[in-house]
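Structure file target_5.cif (mmCIF, C-alpha atoms; chains and numbers go by the auth columns) follows.
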data_upload
loop_
_atom_site.group_PDB
_atom_site.id
_atom_site.type_symbol
_atom_site.label_atom_id
_atom_site.label_comp_id
_atom_site.label_asym_id
_atom_site.label_seq_id
_atom_site.Cartn_x
_atom_site.Cartn_y
_atom_site.Cartn_z
_atom_site.B_iso_or_equiv
_atom_site.auth_seq_id
_atom_site.auth_asym_id
ATOM 1 C CA MET A 1 13.470 -16.169 4.343 0.00 458 A
ATOM 2 C CA THR A 2 11.173 -18.724 5.925 0.00 459 A
ATOM 3 C CA GLY A 3 7.552 -19.566 6.595 0.00 460 A
ATOM 4 C CA LEU A 4 4.878 -17.287 5.228 0.00 461 A
ATOM 5 C CA TRP A 5 7.242 -15.169 3.130 0.00 462 A
ATOM 6 C CA LYS A 6 8.880 -18.181 1.488 0.00 463 A
ATOM 7 C CA THR A 7 5.441 -19.584 0.637 0.00 464 A
ATOM 8 C CA TRP A 8 4.349 -16.164 -0.635 0.00 465 A
ATOM 9 C CA ILE A 9 7.307 -15.993 -3.046 0.00 466 A
ATOM 10 C CA THR A 10 6.572 -19.514 -4.280 0.00 467 A
ATOM 11 C CA LEU A 11 2.930 -18.598 -4.927 0.00 468 A
ATOM 12 C CA TRP A 12 4.082 -15.411 -6.668 0.00 469 A
ATOM 13 C CA CYS A 13 6.158 -17.571 -9.033 0.00 470 A
ATOM 14 C CA TRP A 14 3.155 -19.768 -9.761 0.00 471 A
ATOM 15 C CA GLY A 15 1.104 -16.635 -10.524 0.00 472 A
ATOM 16 C CA VAL A 16 3.705 -15.568 -13.098 0.00 473 A
ATOM 17 C CA ILE A 17 3.687 -19.082 -14.566 0.00 474 A
ATOM 18 C CA ILE A 18 -0.112 -19.163 -14.825 0.00 475 A
ATOM 19 C CA PHE A 19 -0.178 -15.747 -16.514 0.00 476 A
ATOM 20 C CA GLY A 20 2.426 -17.005 -19.002 0.00 477 A
ATOM 21 C CA ALA A 21 0.254 -20.026 -19.732 0.00 478 A
ATOM 22 C CA VAL A 22 -2.739 -17.736 -20.316 0.00 479 A
ATOM 23 C CA LEU A 23 -0.772 -15.669 -22.839 0.00 480 A
ATOM 24 C CA ALA A 24 0.509 -18.811 -24.558 0.00 481 A
ATOM 25 C CA THR A 25 -3.089 -19.826 -25.320 0.00 482 A
ATOM 26 C CA ALA A 26 -3.091 -17.177 -28.074 0.00 483 A
ATOM 27 C CA GLY A 27 -0.896 -19.569 -30.062 0.00 484 A
ATOM 28 C CA LEU A 28 -3.859 -21.657 -31.143 0.00 485 A
ATOM 29 C CA PRO A 29 -7.204 -20.423 -32.481 0.00 486 A
ATOM 30 C CA ALA A 30 -8.985 -23.069 -30.401 0.00 487 A
ATOM 31 C CA THR A 31 -7.621 -21.658 -27.128 0.00 488 A
ATOM 32 C CA GLU A 32 -7.128 -17.969 -27.939 0.00 489 A
ATOM 33 C CA GLY A 33 -10.264 -16.979 -26.032 0.00 490 A
ATOM 34 C CA ILE A 34 -8.374 -17.323 -22.752 0.00 491 A
ATOM 35 C CA ALA A 35 -5.695 -14.871 -23.931 0.00 492 A
ATOM 36 C CA GLY A 36 -8.442 -12.668 -25.368 0.00 493 A
ATOM 37 C CA LEU A 37 -10.030 -12.407 -21.937 0.00 494 A
ATOM 38 C CA ALA A 38 -6.684 -11.364 -20.437 0.00 495 A
ATOM 39 C CA PHE A 39 -6.190 -8.759 -23.158 0.00 496 A
ATOM 40 C CA SER A 40 -9.714 -7.448 -22.599 0.00 497 A
ATOM 41 C CA LEU A 41 -8.975 -7.018 -18.912 0.00 498 A
ATOM 42 C CA ILE A 42 -5.613 -5.257 -19.364 0.00 499 A
ATOM 43 C CA GLY A 43 -6.650 -3.295 -22.456 0.00 500 A
ATOM 44 C CA GLY A 44 -9.934 -2.081 -21.081 0.00 501 A
ATOM 45 C CA ALA A 45 -11.916 -3.091 -24.197 0.00 502 A
ATOM 46 C CA GLN A 46 -13.524 -6.274 -25.486 0.00 503 A
ATOM 47 C CA VAL A 47 -11.177 -8.292 -27.710 0.00 504 A
ATOM 48 C CA GLU A 48 -13.055 -9.109 -30.899 0.00 505 A
ATOM 49 C CA ALA A 49 -12.869 -12.333 -32.896 0.00 506 A
ATOM 50 C CA GLY A 50 -9.822 -12.322 -35.143 0.00 507 A
ATOM 51 C CA TYR A 51 -7.794 -10.132 -32.769 0.00 508 A
ATOM 52 C CA PHE A 52 -4.887 -12.581 -32.819 0.00 509 A
ATOM 53 C CA ASP A 53 -5.115 -13.291 -36.588 0.00 510 A
ATOM 54 C CA PRO A 54 -2.847 -10.545 -38.044 0.00 511 A
ATOM 55 C CA PRO A 55 0.587 -11.795 -39.096 0.00 512 A
ATOM 56 C CA GLY A 56 2.890 -11.830 -36.123 0.00 513 A
ATOM 57 C CA MET A 57 0.231 -11.148 -33.471 0.00 514 A
ATOM 58 C CA ARG A 58 -0.515 -14.776 -32.600 0.00 515 A
ATOM 59 C CA PHE A 59 3.214 -15.552 -32.641 0.00 516 A
ATOM 60 C CA SER A 60 4.124 -12.516 -30.517 0.00 517 A
ATOM 61 C CA VAL A 61 1.570 -13.126 -27.794 0.00 518 A
ATOM 62 C CA ALA A 62 2.244 -16.887 -27.652 0.00 519 A
ATOM 63 C CA LEU A 63 5.995 -16.196 -27.532 0.00 520 A
ATOM 64 C CA MET A 64 5.454 -13.659 -24.749 0.00 521 A
ATOM 65 C CA GLY A 65 3.561 -16.365 -22.886 0.00 522 A
ATOM 66 C CA ALA A 66 6.387 -18.847 -23.373 0.00 523 A
ATOM 67 C CA VAL A 67 8.968 -16.320 -22.138 0.00 524 A
ATOM 68 C CA THR A 68 6.804 -15.472 -19.119 0.00 525 A
ATOM 69 C CA LEU A 69 6.397 -19.184 -18.345 0.00 526 A
ATOM 70 C CA GLY A 70 10.159 -19.611 -18.581 0.00 527 A
ATOM 71 C CA TRP A 71 10.770 -16.567 -16.392 0.00 528 A
ATOM 72 C CA GLY A 72 8.402 -17.852 -13.686 0.00 529 A
ATOM 73 C CA PHE A 73 9.820 -21.395 -13.738 0.00 530 A
ATOM 74 C CA THR A 74 13.402 -20.084 -13.713 0.00 531 A
ATOM 75 C CA ILE A 75 12.778 -18.070 -10.559 0.00 532 A
ATOM 76 C CA LEU A 76 10.808 -20.936 -8.987 0.00 533 A
ATOM 77 C CA PHE A 77 13.573 -23.468 -9.643 0.00 534 A
ATOM 78 C CA LEU A 78 16.294 -21.060 -8.477 0.00 535 A
ATOM 79 C CA LEU A 79 14.533 -20.140 -5.220 0.00 536 A
ATOM 80 C CA PRO A 80 16.582 -22.596 -3.126 0.00 537 A
ATOM 81 C CA ALA A 81 19.824 -21.087 -4.470 0.00 538 A
ATOM 82 C CA ILE A 82 18.505 -17.545 -4.009 0.00 539 A
ATOM 83 C CA HIS A 83 17.500 -18.339 -0.417 0.00 540 A
ATOM 84 C CA ALA A 84 20.946 -19.828 0.234 0.00 541 A
ATOM 85 C CA ALA A 85 22.821 -16.915 -1.369 0.00 542 A
ATOM 86 C CA GLY A 86 20.872 -14.350 0.637 0.00 543 A
ATOM 87 C CA ALA A 87 20.673 -10.593 0.160 0.00 544 A
ATOM 88 C CA PRO A 88 22.925 -10.241 -2.914 0.00 545 A
ATOM 89 C CA ALA A 89 20.808 -12.741 -4.846 0.00 546 A
ATOM 90 C CA TRP A 90 17.548 -11.147 -3.701 0.00 547 A
ATOM 91 C CA ARG A 91 18.856 -7.710 -4.700 0.00 548 A
ATOM 92 C CA GLY A 92 19.837 -9.096 -8.122 0.00 549 A
ATOM 93 C CA LEU A 93 16.361 -10.531 -8.619 0.00 550 A
ATOM 94 C CA THR A 94 14.804 -7.268 -7.456 0.00 551 A
ATOM 95 C CA THR A 95 16.978 -5.223 -9.840 0.00 552 A
ATOM 96 C CA ALA A 96 16.040 -7.476 -12.772 0.00 553 A
ATOM 97 C CA MET A 97 12.373 -7.190 -11.835 0.00 554 A
ATOM 98 C CA LEU A 98 12.562 -3.389 -11.663 0.00 555 A
ATOM 99 C CA ILE A 99 14.281 -3.201 -15.067 0.00 556 A
ATOM 100 C CA TRP A 100 11.475 -5.313 -16.527 0.00 557 A
ATOM 101 C CA PHE A 101 8.880 -3.177 -14.702 0.00 558 A
ATOM 102 C CA VAL A 102 10.117 0.150 -16.080 0.00 559 A
ATOM 103 C CA ILE A 103 10.407 -1.055 -19.682 0.00 560 A
ATOM 104 C CA ASP A 104 7.198 -3.114 -19.746 0.00 561 A
ATOM 105 C CA SER A 105 5.149 -0.412 -18.032 0.00 562 A
ATOM 106 C CA ALA A 106 6.462 2.374 -20.267 0.00 563 A
ATOM 107 C CA PHE A 107 5.566 0.425 -23.398 0.00 564 A
ATOM 108 C CA SER A 108 2.226 -0.622 -21.916 0.00 565 A
ATOM 109 C CA VAL A 109 1.260 3.013 -21.409 0.00 566 A
ATOM 110 C CA SER A 110 2.667 4.207 -24.749 0.00 567 A
ATOM 111 C CA THR A 111 0.795 1.515 -26.710 0.00 568 A
ATOM 112 C CA GLY A 112 -2.568 2.055 -25.029 0.00 569 A
ATOM 113 C CA PHE A 113 -2.447 -0.782 -22.493 0.00 570 A
ATOM 114 C CA ALA A 114 -2.089 1.340 -19.359 0.00 571 A
ATOM 115 C CA LEU A 115 -4.025 -1.191 -17.292 0.00 572 A
ATOM 116 C CA ASN A 116 -1.144 -3.600 -17.888 0.00 573 A
ATOM 117 C CA ALA A 117 1.117 -1.107 -16.116 0.00 574 A
ATOM 118 C CA VAL A 118 -1.305 -1.244 -13.192 0.00 575 A
ATOM 119 C CA SER A 119 -1.066 -5.045 -13.128 0.00 576 A
ATOM 120 C CA ASN A 120 2.734 -4.658 -13.259 0.00 577 A
ATOM 121 C CA ILE A 121 2.565 -2.473 -10.155 0.00 578 A
ATOM 122 C CA VAL A 122 0.558 -5.170 -8.386 0.00 579 A
ATOM 123 C CA LEU A 123 3.097 -7.824 -9.426 0.00 580 A
ATOM 124 C CA VAL A 124 6.010 -5.731 -8.109 0.00 581 A
ATOM 125 C CA ILE A 125 4.203 -5.010 -4.835 0.00 582 A
ATOM 126 C CA LEU A 126 3.438 -8.705 -4.399 0.00 583 A
ATOM 127 C CA LEU A 127 7.156 -9.430 -4.757 0.00 584 A
ATOM 128 C CA MET A 128 8.370 -6.551 -2.604 0.00 585 A
ATOM 129 C CA VAL A 129 6.081 -7.211 0.393 0.00 586 A
ATOM 130 C CA PRO A 130 7.796 -10.468 1.422 0.00 587 A
ATOM 131 C CA LEU A 131 11.257 -9.186 0.471 0.00 588 A
ATOM 132 C CA LEU A 132 10.906 -6.103 2.661 0.00 589 A
ATOM 133 C CA ALA A 133 8.953 -7.789 5.467 0.00 590 A
ATOM 134 C CA SER A 134 11.414 -10.675 5.762 0.00 591 A
ATOM 135 C CA GLY A 135 14.540 -8.511 5.547 0.00 592 A
ATOM 136 C CA ALA A 136 15.776 -10.641 2.634 0.00 593 A
ATOM 137 C CA LEU A 137 17.307 -7.596 0.902 0.00 594 A
ATOM 138 C CA LYS A 138 19.484 -6.678 3.897 0.00 595 A
ATOM 139 C CA SER A 139 23.026 -7.952 4.171 0.00 596 A
ATOM 140 C CA VAL A 140 23.870 -9.594 7.464 0.00 597 A
ATOM 141 C CA HIS A 141 27.333 -8.614 8.695 0.00 598 A
#
Can you present the structure in this file as structure tokens?
Amino acid sequence: MTGLWKTWITLWCWGVIIFGAVLATAGLPATEGIAGLAFSLIGGAQVEAGYFDPPGMRFSVALMGAVTLGWGFTILFLLPAIHAAGAPAWRGLTTAMLIWFVIDSAFSVSTGFALNAVSNIVLVILLMVPLLASGALKSVH
């Protein structure tokens, strides 16, 4: 994968990282408004003051942000190895992404955050476009 598609994947990683940082802002009352805005957008309703105050909520959302940050940086830092390994590595990344997609989207819908499933679809499409367009998933014999 080269050129536009390689840049696209790198920007995709940075998008994941930025979203993780947004979620992590729920960890502190002084910065939770940023996470509240994200939750309002994916939940379809205004997040009220105190939304992140219940025991475990602030921790859970901040932890989810940290994991998402780690996920985005892991993929970003492994991109050179993934590019070098070729189709098997891209297929492994794609499989992991689809496992996440199914589980995250199912729970998003079942817990009343269906718009998050829509954002998941966008995230998967934004990954699949360069993978399919570049032929990165095809083995070269």
- Which of these, A:Ala542, A:Ile466, A:Val566, A:Ala506, has the shortest distance to Pro486 (chain A) once you count only C-alpha atoms? A:Ala506
- Item | Distance in Å - CA of Val575 (chain A) versus CA of Ala523 (chain A) | 21.7 Å
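Compared by their closest atoms to Thr531 (chain A), and using all atoms listed in the file, the residues A:Leu550, A:Thr482, A:Glu505, A:Ile582 rank with A:Leu550 nearest.
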Show me, as JSON, the centre and edge lengths in Å to one decimal of the axis-aligned box that covers every listed atom of region 525-542 of chain A with 4 Å on each side.
{"center_x": 14.6, "center_y": -19.5, "center_z": -9.4, "size_x": 24.4, "size_y": 16.0, "size_z": 27.4}
Excluding Tyr508 (chain A) and any residue of its chain fewer than 2 positions from it, enumerate the residues within 10 Å of it, using all atoms listed in the file, and give them as a PDB file with C-alpha atoms, in the frame of the given file.
ATOM      1  CA  ALA A 483      -3.091 -17.177 -28.074  1.00  0.00           C
ATOM      2  CA  GLU A 489      -7.128 -17.969 -27.939  1.00  0.00           C
ATOM      3  CA  GLY A 490     -10.264 -16.979 -26.032  1.00  0.00           C
ATOM      4  CA  GLY A 493      -8.442 -12.668 -25.368  1.00  0.00           C
ATOM      5  CA  PHE A 496      -6.190  -8.759 -23.158  1.00  0.00           C
ATOM      6  CA  VAL A 504     -11.177  -8.292 -27.710  1.00  0.00           C
ATOM      7  CA  GLU A 505     -13.055  -9.109 -30.899  1.00  0.00           C
ATOM      8  CA  ALA A 506     -12.869 -12.333 -32.896  1.00  0.00           C
ATOM      9  CA  ASP A 510      -5.115 -13.291 -36.588  1.00  0.00           C
ATOM     10  CA  PRO A 511      -2.847 -10.545 -38.044  1.00  0.00           C
ATOM     11  CA  MET A 514       0.231 -11.148 -33.471  1.00  0.00           C
ATOM     12  CA  ARG A 515      -0.515 -14.776 -32.600  1.00  0.00           C
TER      13      ARG A 515
END
- Message: So the first atom is CA of Phe558 (chain A) and the second is CA of Thr467 (chain A); what is the distance between them in Å, to one decimal place?
- Response: 19.5 Å
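Using all atoms listed in the file, the nearest neighbour of Gly543 (chain A) within the list A:Leu594, A:Leu526, A:Val479, A:Ile560 is A:Leu594.
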- Residue contacts of region 468-472 of chain A (8 Å, all atoms listed in the file) excluding same-chain residues fewer than 3 positions away, as a PyMOL selection string: chain A and resi 464-465+475-476+529-530+532-533+583-584
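Between Ser591 (chain A) and the candidates A:Gln503, A:Leu485, A:Ala571, A:His540, the tightest atom-to-atom separation, counting all atoms listed in the file, involves A:His540.
Residues matching the PyMOL selection byres ((chain A and resi 565) around 12) in this structure come to Phe496, Ile499, Gly500, Trp557, Phe558, Val559, Ile560, Asp561, Ser562, Ala563, Phe564, Val566, Ser567, Thr568, Gly569, Phe570, Ala571, Leu572, Asn573, Ala574, Val575, Ser576, Asn577 and Ile578 of chain A.
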